[in-house]
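Next up, final.pdb (PDB, C-alpha atoms and all ligand atoms):
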```pdb
ATOM      1  CA  VAL A  14     194.372 111.993 113.315
ATOM      2  CA  SER A  15     192.824 110.399 116.405
ATOM      3  CA  THR A  16     189.141 109.729 116.955
ATOM      4  CA  LEU A  17     187.868 112.809 118.701
ATOM      5  CA  GLN A  18     184.792 112.228 120.813
ATOM      6  CA  GLN A  19     182.474 115.233 121.223
ATOM      7  CA  ILE A  20     180.245 115.481 124.284
ATOM      8  CA  THR A  21     177.780 118.271 125.007
ATOM      9  CA  ALA A  22     175.781 116.748 127.866
ATOM     10  CA  CYS A  23     176.954 117.607 131.379
ATOM     11  CA  ASN A  24     175.669 114.250 132.658
ATOM     12  CA  GLU A  25     177.882 112.297 130.220
ATOM     13  CA  ILE A  26     181.169 114.115 130.597
ATOM     14  CA  TYR A  27     182.044 113.030 134.153
ATOM     15  CA  SER A  28     181.813 109.324 133.358
ATOM     16  CA  ALA A  29     183.866 109.738 130.159
ATOM     17  CA  ILE A  30     186.719 111.244 132.200
ATOM     18  CA  THR A  31     186.463 108.838 135.133
ATOM     19  CA  GLN A  32     186.405 105.921 132.693
ATOM     20  CA  ALA A  33     189.689 107.080 131.145
ATOM     21  CA  ARG A  34     191.193 107.345 134.620
ATOM     22  CA  ALA A  35     189.835 103.921 135.564
ATOM     23  CA  GLU A  36     191.706 102.547 132.539
ATOM     24  CA  GLY A  37     194.883 103.861 134.186
ATOM     25  CA  LYS A  38     195.250 106.880 131.901
ATOM     26  CA  THR A  39     196.438 110.274 133.140
ATOM     27  CA  VAL A  40     193.998 112.936 131.989
ATOM     28  CA  GLY A  41     194.954 116.443 130.848
ATOM     29  CA  LEU A  42     192.361 119.206 130.616
ATOM     30  CA  VAL A  43     192.578 122.334 128.455
ATOM     31  CA  PRO A  44     189.710 124.749 129.213
ATOM     32  CA  THR A  45     189.077 127.254 126.382
ATOM     33  CA  MET A  46     186.446 129.568 124.969
ATOM     34  CA  GLY A  47     187.120 128.309 121.428
ATOM     35  CA  ALA A  48     188.305 130.454 118.478
ATOM     36  CA  LEU A  49     191.422 128.356 118.882
ATOM     37  CA  HIS A  50     194.839 129.634 117.817
ATOM     38  CA  GLU A  51     198.430 128.441 118.220
ATOM     39  CA  GLY A  52     198.420 129.564 121.862
ATOM     40  CA  HIS A  53     195.608 127.141 122.667
ATOM     41  CA  LEU A  54     197.219 124.456 120.536
ATOM     42  CA  SER A  55     200.467 124.824 122.520
ATOM     43  CA  LEU A  56     198.432 123.965 125.652
ATOM     44  CA  VAL A  57     196.962 120.985 123.827
ATOM     45  CA  ARG A  58     200.471 119.829 122.885
ATOM     46  CA  ALA A  59     201.676 120.256 126.472
ATOM     47  CA  SER A  60     198.795 118.030 127.525
ATOM     48  CA  THR A  61     199.197 115.332 124.881
ATOM     49  CA  GLU A  62     202.948 115.213 125.615
ATOM     50  CA  SER A  63     202.500 114.617 129.334
ATOM     51  CA  CYS A  64     199.093 112.904 129.620
ATOM     52  CA  ASP A  65     197.613 109.744 128.109
ATOM     53  CA  PHE A  66     194.210 111.328 127.485
ATOM     54  CA  THR A  67     193.486 114.964 126.608
ATOM     55  CA  ALA A  68     190.126 116.688 126.994
ATOM     56  CA  VAL A  69     189.489 120.215 125.703
ATOM     57  CA  THR A  70     186.477 122.286 126.716
ATOM     58  CA  ILE A  71     184.972 124.961 124.476
ATOM     59  CA  PHE A  72     182.546 127.217 126.300
ATOM     60  CA  VAL A  73     182.162 130.982 125.977
ATOM     61  CA  ASN A  74     181.426 131.630 129.621
ATOM     62  CA  PRO A  75     178.848 134.428 129.942
ATOM     63  CA  THR A  76     179.488 135.086 133.644
ATOM     64  CA  GLN A  77     183.022 136.364 133.021
ATOM     65  CA  PHE A  78     181.803 139.099 130.639
ATOM     66  CA  ALA A  79     180.345 142.355 131.962
ATOM     67  CA  PRO A  80     177.214 143.615 130.150
ATOM     68  CA  SER A  81     179.336 146.241 128.325
ATOM     69  CA  GLU A  82     181.851 143.656 127.050
ATOM     70  CA  ASP A  83     182.149 141.607 123.865
ATOM     71  CA  LEU A  84     180.195 138.422 124.740
ATOM     72  CA  GLN A  85     177.860 138.843 121.749
ATOM     73  CA  GLN A  86     180.714 139.379 119.265
ATOM     74  CA  TYR A  87     183.138 136.863 120.774
ATOM     75  CA  PRO A  88     184.540 134.919 117.799
ATOM     76  CA  SER A  89     183.292 131.382 117.257
ATOM     77  CA  THR A  90     184.960 128.910 114.868
ATOM     78  CA  LEU A  91     183.630 125.606 116.217
ATOM     79  CA  GLN A  92     184.038 123.428 113.100
ATOM     80  CA  GLN A  93     187.611 124.648 112.548
ATOM     81  CA  ASP A  94     188.372 124.161 116.242
ATOM     82  CA  ILE A  95     187.151 120.577 116.156
ATOM     83  CA  THR A  96     189.229 119.808 113.061
ATOM     84  CA  ALA A  97     192.341 121.280 114.705
ATOM     85  CA  LEU A  98     191.736 119.295 117.903
ATOM     86  CA  ALA A  99     191.330 116.047 115.940
ATOM     87  CA  GLU A 100     194.617 116.792 114.144
ATOM     88  CA  HIS A 101     196.289 117.342 117.504
ATOM     89  CA  GLN A 102     195.363 113.919 118.917
ATOM     90  CA  VAL A 103     192.820 115.281 121.365
ATOM     91  CA  ASP A 104     190.611 112.501 122.718
ATOM     92  CA  LEU A 105     187.568 114.435 123.852
ATOM     93  CA  VAL A 106     186.018 117.852 123.302
ATOM     94  CA  PHE A 107     183.331 119.077 125.687
ATOM     95  CA  THR A 108     181.025 121.708 124.169
ATOM     96  CA  PRO A 109     178.300 122.298 126.732
ATOM     97  CA  ASN A 110     175.540 124.795 126.186
ATOM     98  CA  LYS A 111     174.861 127.768 128.387
ATOM     99  CA  HIS A 112     171.689 126.405 129.954
ATOM    100  CA  ASP A 113     173.347 123.194 131.075
ATOM    101  CA  ILE A 114     176.215 125.025 132.771
ATOM    102  CA  TYR A 115     173.930 127.735 134.178
ATOM    103  CA  PRO A 116     170.445 126.228 134.522
ATOM    104  CA  ALA A 117     167.533 128.416 135.578
ATOM    105  CA  GLY A 118     167.968 129.360 139.227
ATOM    106  CA  PHE A 119     171.778 129.060 139.222
ATOM    107  CA  SER A 120     173.033 131.404 141.933
ATOM    108  CA  THR A 121     176.228 130.100 143.559
ATOM    109  CA  TYR A 122     179.489 131.885 142.705
ATOM    110  CA  ILE A 123     183.099 131.659 143.825
ATOM    111  CA  ASP A 124     184.380 134.721 145.668
ATOM    112  CA  PRO A 125     187.858 134.903 144.096
ATOM    113  CA  PRO A 126     191.074 135.272 146.124
ATOM    114  CA  GLU A 127     192.846 138.564 146.877
ATOM    115  CA  VAL A 128     195.172 138.242 143.909
ATOM    116  CA  ALA A 129     192.080 138.839 141.734
ATOM    117  CA  LEU A 130     191.636 142.380 143.065
ATOM    118  CA  PRO A 131     194.216 144.555 141.230
ATOM    119  CA  LEU A 132     194.744 145.005 137.457
ATOM    120  CA  GLU A 133     192.092 142.977 135.585
ATOM    121  CA  GLY A 134     190.035 142.835 138.781
ATOM    122  CA  LYS A 135     189.901 146.641 138.949
ATOM    123  CA  GLN A 136     189.017 147.055 135.283
ATOM    124  CA  ARG A 137     186.622 144.117 135.157
ATOM    125  CA  PRO A 138     185.215 143.763 138.694
ATOM    126  CA  THR A 139     183.055 140.656 138.059
ATOM    127  CA  HIS A 140     185.425 138.910 135.637
ATOM    128  CA  PHE A 141     187.331 136.600 137.978
ATOM    129  CA  ARG A 142     184.204 135.613 139.873
ATOM    130  CA  GLY A 143     182.876 134.273 136.561
ATOM    131  CA  VAL A 144     186.194 132.650 135.620
ATOM    132  CA  ALA A 145     186.676 130.974 139.010
ATOM    133  CA  THR A 146     183.079 129.736 139.070
ATOM    134  CA  VAL A 147     183.173 128.156 135.623
ATOM    135  CA  VAL A 148     186.665 126.725 136.076
ATOM    136  CA  LEU A 149     185.682 125.070 139.356
ATOM    137  CA  LYS A 150     182.577 123.634 137.655
ATOM    138  CA  LEU A 151     184.751 122.308 134.817
ATOM    139  CA  PHE A 152     187.173 120.766 137.334
ATOM    140  CA  HIS A 153     184.206 118.947 138.894
ATOM    141  CA  LEU A 154     182.679 117.865 135.590
ATOM    142  CA  LEU A 155     186.065 116.805 134.164
ATOM    143  CA  PRO A 156     188.142 115.591 137.122
ATOM    144  CA  ALA A 157     191.493 115.585 135.307
ATOM    145  CA  ASP A 158     194.992 115.057 136.713
ATOM    146  CA  ILE A 159     196.481 118.219 135.182
ATOM    147  CA  ALA A 160     194.862 121.386 133.784
ATOM    148  CA  PHE A 161     196.752 123.621 131.351
ATOM    149  CA  PHE A 162     196.421 127.422 131.179
ATOM    150  CA  GLY A 163     198.302 130.097 129.246
ATOM    151  CA  GLN A 164     200.590 132.714 130.781
ATOM    152  CA  LYS A 165     198.878 135.257 128.502
ATOM    153  CA  ASP A 166     196.188 135.480 131.198
ATOM    154  CA  TYR A 167     198.783 135.610 133.961
ATOM    155  CA  GLN A 168     196.508 136.954 136.686
ATOM    156  CA  GLN A 169     193.891 134.329 135.791
ATOM    157  CA  SER A 170     196.482 131.591 136.277
ATOM    158  CA  LEU A 171     197.312 132.962 139.766
ATOM    159  CA  VAL A 172     193.620 133.143 140.664
ATOM    160  CA  ILE A 173     193.069 129.535 139.600
ATOM    161  CA  GLN A 174     196.190 128.264 141.379
ATOM    162  CA  GLN A 175     195.119 129.992 144.604
ATOM    163  CA  MET A 176     191.538 128.705 144.306
ATOM    164  CA  VAL A 177     192.780 125.141 143.826
ATOM    165  CA  ARG A 178     195.022 125.450 146.902
ATOM    166  CA  ASP A 179     192.376 127.130 149.081
ATOM    167  CA  LEU A 180     189.548 124.762 148.149
ATOM    168  CA  ASP A 181     191.638 121.543 148.049
ATOM    169  CA  VAL A 182     190.785 120.778 144.430
ATOM    170  CA  PRO A 183     192.758 117.640 143.512
ATOM    171  CA  ILE A 184     194.213 118.875 140.210
ATOM    172  CA  GLU A 185     197.645 120.114 139.184
ATOM    173  CA  ILE A 186     197.790 123.458 137.350
ATOM    174  CA  ARG A 187     200.411 123.988 134.646
ATOM    175  CA  VAL A 188     200.978 127.397 133.109
ATOM    176  CA  CYS A 189     202.463 127.438 129.600
ATOM    177  CA  PRO A 190     204.396 130.284 127.910
ATOM    178  CA  ILE A 191     202.765 132.955 125.753
ATOM    179  CA  VAL A 192     202.841 132.175 122.033
ATOM    180  CA  ARG A 193     203.673 135.195 119.859
ATOM    181  CA  GLU A 194     203.572 136.030 116.160
ATOM    182  CA  ALA A 195     207.006 136.498 114.565
ATOM    183  CA  ASP A 196     206.692 140.270 115.123
ATOM    184  CA  GLY A 197     205.951 139.858 118.843
ATOM    185  CA  LEU A 198     202.146 140.189 118.962
ATOM    186  CA  ALA A 199     200.819 137.847 121.658
ATOM    187  CA  LEU A 200     198.230 135.487 120.183
ATOM    188  CA  SER A 201     194.684 136.198 121.323
ATOM    189  CA  SER A 202     191.260 135.244 120.007
ATOM    190  CA  ARG A 203     190.499 138.980 120.128
ATOM    191  CA  ASN A 204     193.231 139.811 117.574
ATOM    192  CA  VAL A 205     190.646 139.128 114.836
ATOM    193  CA  TYR A 206     188.951 142.389 115.870
ATOM    194  CA  LEU A 207     192.025 144.409 114.793
ATOM    195  CA  SER A 208     192.208 146.178 111.418
ATOM    196  CA  SER A 209     195.646 146.058 109.780
ATOM    197  CA  SER A 210     196.564 149.522 111.061
ATOM    198  CA  GLU A 211     195.324 148.630 114.559
ATOM    199  CA  ARG A 212     197.408 145.472 114.416
ATOM    200  CA  GLN A 213     200.488 147.672 113.827
ATOM    201  CA  GLN A 214     199.525 149.775 116.850
ATOM    202  CA  ALA A 215     199.058 146.595 118.897
ATOM    203  CA  LEU A 216     202.724 145.722 118.395
ATOM    204  CA  SER A 217     203.582 148.476 120.874
ATOM    205  CA  LEU A 218     202.444 146.222 123.730
ATOM    206  CA  SER A 219     205.052 143.521 123.165
ATOM    207  CA  ALA A 220     207.629 146.096 122.016
ATOM    208  CA  SER A 221     207.283 148.105 125.224
ATOM    209  CA  LEU A 222     207.689 144.955 127.330
ATOM    210  CA  GLU A 223     210.795 144.119 125.324
ATOM    211  CA  GLN A 224     212.123 147.629 125.939
ATOM    212  CA  ALA A 225     211.405 147.307 129.668
ATOM    213  CA  SER A 226     213.329 144.056 129.747
ATOM    214  CA  GLN A 227     216.284 145.698 127.996
ATOM    215  CA  LEU A 228     216.253 148.593 130.468
ATOM    216  CA  VAL A 229     216.488 146.161 133.367
ATOM    217  CA  THR A 230     219.278 144.239 131.638
ATOM    218  CA  ALA A 231     221.084 147.575 131.270
ATOM    219  CA  GLY A 232     220.818 148.086 135.046
ATOM    220  CA  GLU A 233     217.655 150.162 135.587
ATOM    221  CA  ARG A 234     215.967 149.178 138.878
ATOM    222  CA  ASN A 235     213.531 152.054 139.467
ATOM    223  CA  ALA A 236     210.045 150.740 138.690
ATOM    224  CA  ASP A 237     208.529 154.210 138.112
ATOM    225  CA  ILE A 238     211.121 154.994 135.437
ATOM    226  CA  ILE A 239     210.395 151.685 133.697
ATOM    227  CA  ARG A 240     206.596 152.177 133.911
ATOM    228  CA  GLU A 241     207.017 155.644 132.390
ATOM    229  CA  LYS A 242     209.126 154.273 129.489
ATOM    230  CA  ILE A 243     206.444 151.662 128.808
ATOM    231  CA  ARG A 244     203.769 154.381 128.905
ATOM    232  CA  GLN A 245     205.663 156.570 126.437
ATOM    233  CA  MET A 246     206.226 153.685 124.074
ATOM    234  CA  LEU A 247     202.550 152.645 124.144
ATOM    235  CA  LEU A 248     201.432 156.205 123.442
ATOM    236  CA  THR A 249     203.987 156.694 120.678
ATOM    237  CA  GLY A 250     202.908 153.352 119.232
ATOM    238  CA  GLY A 251     199.366 154.677 119.007
ATOM    239  CA  VAL A 252     197.325 152.860 121.643
ATOM    240  CA  ASP A 253     194.116 154.779 122.348
ATOM    241  CA  GLU A 254     193.881 154.148 126.064
ATOM    242  CA  ILE A 255     196.167 152.586 128.638
ATOM    243  CA  GLU A 256     194.224 150.746 131.338
ATOM    244  CA  TYR A 257     197.214 149.727 133.422
ATOM    245  CA  ILE A 258     200.957 149.307 133.362
ATOM    246  CA  SER A 259     202.112 147.171 136.221
ATOM    247  CA  LEU A 260     205.464 146.014 137.517
ATOM    248  CA  ALA A 261     204.377 143.582 140.132
ATOM    249  CA  ASP A 262     205.465 140.824 142.434
ATOM    250  CA  PRO A 263     204.958 137.593 140.419
ATOM    251  CA  GLU A 264     203.027 135.891 143.263
ATOM    252  CA  THR A 265     200.944 138.638 144.903
ATOM    253  CA  LEU A 266     200.741 141.136 142.025
ATOM    254  CA  GLY A 267     201.562 143.907 144.505
ATOM    255  CA  GLU A 268     203.271 146.833 142.741
ATOM    256  CA  VAL A 269     207.031 147.061 143.309
ATOM    257  CA  GLU A 270     209.171 150.183 143.686
ATOM    258  CA  GLN A 271     212.621 148.746 143.209
ATOM    259  CA  LEU A 272     213.429 145.685 141.145
ATOM    260  CA  SER A 273     215.571 143.553 143.431
ATOM    261  CA  THR A 274     214.108 140.242 142.219
ATOM    262  CA  PRO A 275     212.296 139.317 138.978
ATOM    263  CA  VAL A 276     208.931 141.005 138.467
ATOM    264  CA  MET A 277     206.008 140.616 136.124
ATOM    265  CA  ALA A 278     205.380 143.473 133.737
ATOM    266  CA  LEU A 279     201.686 143.489 132.817
ATOM    267  CA  ILE A 280     199.821 145.790 130.446
ATOM    268  CA  ALA A 281     196.206 146.317 129.392
ATOM    269  CA  ALA A 282     195.423 148.808 126.640
ATOM    270  CA  ARG A 283     192.724 149.633 124.159
ATOM    271  CA  ILE A 284     193.214 149.989 120.448
ATOM    272  CA  GLY A 285     190.016 151.261 118.894
ATOM    273  CA  LYS A 286     187.308 149.101 120.446
ATOM    274  CA  THR A 287     189.646 146.203 121.178
ATOM    275  CA  ARG A 288     191.060 145.559 124.618
ATOM    276  CA  LEU A 289     194.406 143.754 124.644
ATOM    277  CA  ILE A 290     196.609 142.441 127.441
ATOM    278  CA  ASP A 291     200.199 141.249 127.479
ATOM    279  CA  ASN A 292     202.827 140.420 130.066
ATOM    280  CA  ARG A 293     206.415 139.358 130.474
ATOM    281  CA  ARG A 294     208.649 138.259 133.303
ATOM    282  CA  ILE A 295     211.487 140.736 133.721
ATOM    283  CA  GLY A 296     214.782 140.693 135.546
TER     284      GLY A 296
HETATM  285  O1  LIG A 301     191.167 131.650 129.503
HETATM  286  C1  LIG A 301     190.028 131.392 129.045
HETATM  287  O2  LIG A 301     189.850 131.119 127.865
HETATM  288  C2  LIG A 301     188.835 131.413 129.992
HETATM  289  O3  LIG A 301     188.943 132.435 130.921
HETATM  290  C3  LIG A 301     188.579 130.064 130.664
HETATM  291  C4  LIG A 301     189.737 129.660 131.565
HETATM  292  C5  LIG A 301     188.358 128.986 129.614
HETATM  293  C6  LIG A 301     187.330 130.139 131.548
HETATM  294  O4  LIG A 301     186.192 130.476 130.809
END
```

Please re-express this file's structure in structure tokens.
Ligand code: PAF
Amino acid sequence: VSTLQQITACNEIYSAITQARAEGKTVGLVPTMGALHEGHLSLVRASTESCDFTAVTIFVNPTQFAPSEDLQQYPSTLQQDITALAEHQVDLVFTPNKHDIYPAGFSTYIDPPEVALPLEGKQRPTHFRGVATVVLKLFHLLPADIAFFGQKDYQQSLVIQQMVRDLDVPIEIRVCPIVREADGLALSSRNVYLSSSERQQALSLSASLEQASQLVTAGERNADIIREKIRQMLLTGGVDEIEYISLADPETLGEVEQLSTPVMALIAARIGKTRLIDNRRIG
């Protein structure tokens, strides 16, 4: 167990990071909204394995939630999170409060890149504006060498990579694989919302992606046929509403018709009141 320093003040965090860099340490940053699970901890491990100093941020960012979404219910397990971070040799945890990140009068937002428009961007039109704005603020407050994000939020990782390129932010972005339960369910802080029967239904997301992958291995190249198989499997599995099923170019997220190169399969669906997403590279 390392000594984990906790900072909440925005005016202290910058000097803590620049001091570590001045000591010659490479700094890894893992931005999170807390309610940490093995997926987050895999990002932490990726950071501690490749950087000398790891900082984790825990901030439930209000600007990425629409008024109808689950900001008020979003799970919070701060004491457990801090214990887990200390056990994972994290050096610093930044837990700012809302009014320091968004003081009265705050009114500047990032207009996210084009890759933010389809899929999540269609379903949640203000989401990526909030994500890009807070992530850029975190990159300024914690000027790390490398920032780690999960592939679970695949479109988010593309948005952040594009923003960093377009705005010349001097940070490297690393995207780490999805962590799944033994039965395939992608880890998510929102899984705690699921009842045990809903959790069974939720397995149809990963199962349908697995089936899509098998279809492609067996030679299927028609994207519409694969989308339809995914749709059938989600409905048979009992999801209440499908928001999107996408077979898209991994860089632009434009929908494909024929699979000549690898694609991303991305799904968003609702089970009861819970919205879940999953994705997988196919082909
Ligand atoms: O992926 C998340 O948990 C959030 O979107 C992030 C990147 C921490 C920004 O609030």

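Distance-wise, CA of Arg58 in chain A and CA of Cys189 in chain A end up 10.3 Å apart.
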
Which neighbours of Leu180 in chain A fall inside 12 Å, counting only C-alpha atoms, when residues of the same chain fewer than 2 positions from it are skipped, and could you give them as an MDAnalysis selection string?
chainID A and resid 123:126 145 149 152 172:178 182:184

Across A:Ser60, A:Thr265, A:Thr287, A:Ser55, the smallest distance to Ala160 in chain A, with only C-alpha atoms counted, is shown by A:Ser60

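Between ligand LIG 301 (chain A) and the residues A:His140, A:His101, A:Arg283, A:Arg34, the shortest atom-to-atom distance, using only C-alpha atoms and all ligand atoms, involves A:His140.
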
What are the centre and edge lengths in Å, to one decimal, of the axis-aligned box around all listed atoms of ligand LIG 301 (chain A) with 3 Å added on each side, as AutoDock Vina command-line options?
```
--center_x 188.7 --center_y 130.7 --center_z 129.7 --size_x 11.0 --size_y 9.4 --size_z 9.7
```

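With all atoms listed in the file as the atoms that count, the residue of A:Ser217, A:Thr45, A:Thr31, A:Gln86 with the shortest distance to ligand LIG 301 (chain A) is A:Thr45.
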
Quick one: residues within 12 Å of Thr121 in chain A, all atoms listed in the file, excluding same-chain residues fewer than 6 positions away - as a ChimeraX atom specification?
/A:76,114-115,142-143,145-147,149-150

What is the distance, in Å and to one decimal place, between CA of Thr108 in chain A and CA of Asp83 in chain A?
19.9 Å

For ligand LIG 301 (chain A), list the contacting residues at 7 Å or closer, counting all atoms listed in the file, as an MDAnalysis selection string.
chainID A and resid 44:46 72:74 144 147:148 162 166

Could you write out the selected residues, including C-alpha atoms, as a PDB file, keeping the file's coordinate frame?
```pdb
ATOM      1  CA  PRO A  44     189.710 124.749 129.213  1.00  0.00           C
ATOM      2  CA  THR A  45     189.077 127.254 126.382  1.00  0.00           C
ATOM      3  CA  MET A  46     186.446 129.568 124.969  1.00  0.00           C
ATOM      4  CA  PHE A  72     182.546 127.217 126.300  1.00  0.00           C
ATOM      5  CA  VAL A  73     182.162 130.982 125.977  1.00  0.00           C
ATOM      6  CA  ASN A  74     181.426 131.630 129.621  1.00  0.00           C
ATOM      7  CA  VAL A 144     186.194 132.650 135.620  1.00  0.00           C
ATOM      8  CA  VAL A 147     183.173 128.156 135.623  1.00  0.00           C
ATOM      9  CA  VAL A 148     186.665 126.725 136.076  1.00  0.00           C
ATOM     10  CA  PHE A 162     196.421 127.422 131.179  1.00  0.00           C
ATOM     11  CA  ASP A 166     196.188 135.480 131.198  1.00  0.00           C
TER      12      ASP A 166
END
```

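CA of Ala129 in chain A lies 8.1 Å from CA of Leu171 in chain A.
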
Need to verify the contact set: Met277 in chain A, 8 Å, only C-alpha atoms, exclusion of same-chain residues closer than 3 positions in sequence. Can you return it as a short mmCIF file (atom, residue, chain, number, x, y, z; two decimals) with C-alpha atoms, in the coordinates of the input?
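around.cif was written with the following content:
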```cif
data_model
loop_
_atom_site.label_atom_id
_atom_site.label_comp_id
_atom_site.auth_asym_id
_atom_site.auth_seq_id
_atom_site.Cartn_x
_atom_site.Cartn_y
_atom_site.Cartn_z
CA SER A 259 202.11 147.17 136.22
CA LEU A 260 205.46 146.01 137.52
CA ALA A 261 204.38 143.58 140.13
CA ASP A 262 205.46 140.82 142.43
CA PRO A 263 204.96 137.59 140.42
CA LEU A 266 200.74 141.14 142.02
CA ASN A 292 202.83 140.42 130.07
CA ARG A 293 206.42 139.36 130.47
CA ARG A 294 208.65 138.26 133.30
CA ILE A 295 211.49 140.74 133.72
#
```

List the spatial neighbours of range 243-256 of chain A as a PDB file with C-alpha atoms, in the coordinates of the input - criterion: any atom at most 7 Å away, all atoms listed in the file, same-chain residues fewer than 3 positions off excluded.
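The resulting file, result_19.pdb, is reproduced below:
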```pdb
ATOM      1  CA  GLN A 214     199.525 149.775 116.850  1.00  0.00           C
ATOM      2  CA  SER A 217     203.582 148.476 120.874  1.00  0.00           C
ATOM      3  CA  LEU A 218     202.444 146.222 123.730  1.00  0.00           C
ATOM      4  CA  SER A 221     207.283 148.105 125.224  1.00  0.00           C
ATOM      5  CA  LEU A 222     207.689 144.955 127.330  1.00  0.00           C
ATOM      6  CA  ALA A 225     211.405 147.307 129.668  1.00  0.00           C
ATOM      7  CA  ILE A 239     210.395 151.685 133.697  1.00  0.00           C
ATOM      8  CA  ARG A 240     206.596 152.177 133.911  1.00  0.00           C
ATOM      9  CA  ALA A 281     196.206 146.317 129.392  1.00  0.00           C
ATOM     10  CA  ALA A 282     195.423 148.808 126.640  1.00  0.00           C
ATOM     11  CA  ARG A 283     192.724 149.633 124.159  1.00  0.00           C
ATOM     12  CA  ILE A 284     193.214 149.989 120.448  1.00  0.00           C
ATOM     13  CA  GLY A 285     190.016 151.261 118.894  1.00  0.00           C
TER      14      GLY A 285
END
```

Name every residue that the PyMOL selection byres (((chain A and resi 200) around 10) and not hetatm) selects in this structure, writing the answer as a ChimeraX atom specification with chains first and numbers rising.
/A:49-53,165,191-194,197-199,201-205,291

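Remark: for Gln168 in chain A, the closest of the candidate residues A:Ser120, A:Pro156, A:Ile290, A:Leu216 is A:Ile290 (distances computed over all atoms listed in the file).
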
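Nearest to Ala231 in chain A of all the residues A:Tyr122, A:Gln213, A:Gly296, A:Asp196 is A:Gly296, counting only C-alpha atoms.
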
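Closest approach to Glu223 in chain A among A:Ala278, A:Gly41, A:Asp104, A:Asn235 is made by A:Ala278 (distances from only C-alpha atoms).
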
Can you list what the PyMOL selection byres (((chain A and resi 40) around 10) and not hetatm) grabs from this structure, as an mmCIF file with C-alpha atoms, keeping the file's coordinate frame?
```cif
data_model
loop_
_atom_site.group_PDB
_atom_site.id
_atom_site.type_symbol
_atom_site.label_atom_id
_atom_site.label_comp_id
_atom_site.auth_asym_id
_atom_site.auth_seq_id
_atom_site.Cartn_x
_atom_site.Cartn_y
_atom_site.Cartn_z
ATOM 1 C CA ILE A 30 186.719 111.244 132.200
ATOM 2 C CA THR A 31 186.463 108.838 135.133
ATOM 3 C CA ALA A 33 189.689 107.080 131.145
ATOM 4 C CA ARG A 34 191.193 107.345 134.620
ATOM 5 C CA GLY A 37 194.883 103.861 134.186
ATOM 6 C CA LYS A 38 195.250 106.880 131.901
ATOM 7 C CA THR A 39 196.438 110.274 133.140
ATOM 8 C CA GLY A 41 194.954 116.443 130.848
ATOM 9 C CA LEU A 42 192.361 119.206 130.616
ATOM 10 C CA SER A 60 198.795 118.030 127.525
ATOM 11 C CA THR A 61 199.197 115.332 124.881
ATOM 12 C CA SER A 63 202.500 114.617 129.334
ATOM 13 C CA CYS A 64 199.093 112.904 129.620
ATOM 14 C CA ASP A 65 197.613 109.744 128.109
ATOM 15 C CA PHE A 66 194.210 111.328 127.485
ATOM 16 C CA THR A 67 193.486 114.964 126.608
ATOM 17 C CA ALA A 68 190.126 116.688 126.994
ATOM 18 C CA ASP A 104 190.611 112.501 122.718
ATOM 19 C CA LEU A 155 186.065 116.805 134.164
ATOM 20 C CA PRO A 156 188.142 115.591 137.122
ATOM 21 C CA ALA A 157 191.493 115.585 135.307
ATOM 22 C CA ASP A 158 194.992 115.057 136.713
ATOM 23 C CA ILE A 159 196.481 118.219 135.182
ATOM 24 C CA ALA A 160 194.862 121.386 133.784
#
```

Taking the partial coordinates given, rebuild range 69-76 of chain A to contain N, CA, C and O atoms; return it as a PDB file, keeping the file's coordinate frame.
```pdb
ATOM      1  N   VAL A  69     189.532 118.757 125.891  1.00  0.00           N
ATOM      2  CA  VAL A  69     189.489 120.215 125.703  1.00  0.00           C
ATOM      3  C   VAL A  69     188.046 120.644 125.914  1.00  0.00           C
ATOM      4  O   VAL A  69     187.121 119.957 125.451  1.00  0.00           O
ATOM      5  N   THR A  70     187.837 121.757 126.608  1.00  0.00           N
ATOM      6  CA  THR A  70     186.477 122.286 126.716  1.00  0.00           C
ATOM      7  C   THR A  70     186.381 123.572 125.904  1.00  0.00           C
ATOM      8  O   THR A  70     187.330 124.364 125.850  1.00  0.00           O
ATOM      9  N   ILE A  71     185.254 123.732 125.234  1.00  0.00           N
ATOM     10  CA  ILE A  71     184.972 124.961 124.476  1.00  0.00           C
ATOM     11  C   ILE A  71     183.654 125.498 125.015  1.00  0.00           C
ATOM     12  O   ILE A  71     182.594 124.892 124.835  1.00  0.00           O
ATOM     13  N   PHE A  72     183.763 126.620 125.718  1.00  0.00           N
ATOM     14  CA  PHE A  72     182.546 127.217 126.300  1.00  0.00           C
ATOM     15  C   PHE A  72     182.793 128.707 126.502  1.00  0.00           C
ATOM     16  O   PHE A  72     183.695 129.092 127.252  1.00  0.00           O
ATOM     17  N   VAL A  73     182.038 129.530 125.802  1.00  0.00           N
ATOM     18  CA  VAL A  73     182.162 130.982 125.977  1.00  0.00           C
ATOM     19  C   VAL A  73     181.335 131.331 127.216  1.00  0.00           C
ATOM     20  O   VAL A  73     180.105 131.346 127.174  1.00  0.00           O
ATOM     21  N   ASN A  74     182.057 131.550 128.301  1.00  0.00           N
ATOM     22  CA  ASN A  74     181.426 131.630 129.621  1.00  0.00           C
ATOM     23  C   ASN A  74     180.789 133.008 129.868  1.00  0.00           C
ATOM     24  O   ASN A  74     181.509 133.979 130.116  1.00  0.00           O
ATOM     25  N   PRO A  75     179.466 133.099 129.845  1.00  0.00           N
ATOM     26  CA  PRO A  75     178.848 134.428 129.942  1.00  0.00           C
ATOM     27  C   PRO A  75     179.136 135.146 131.245  1.00  0.00           C
ATOM     28  O   PRO A  75     179.187 136.376 131.265  1.00  0.00           O
ATOM     29  N   THR A  76     179.352 134.402 132.348  1.00  0.00           N
ATOM     30  CA  THR A  76     179.488 135.086 133.644  1.00  0.00           C
ATOM     31  C   THR A  76     180.821 135.822 133.797  1.00  0.00           C
ATOM     32  O   THR A  76     180.995 136.570 134.748  1.00  0.00           O
TER      33      THR A  76
END
```
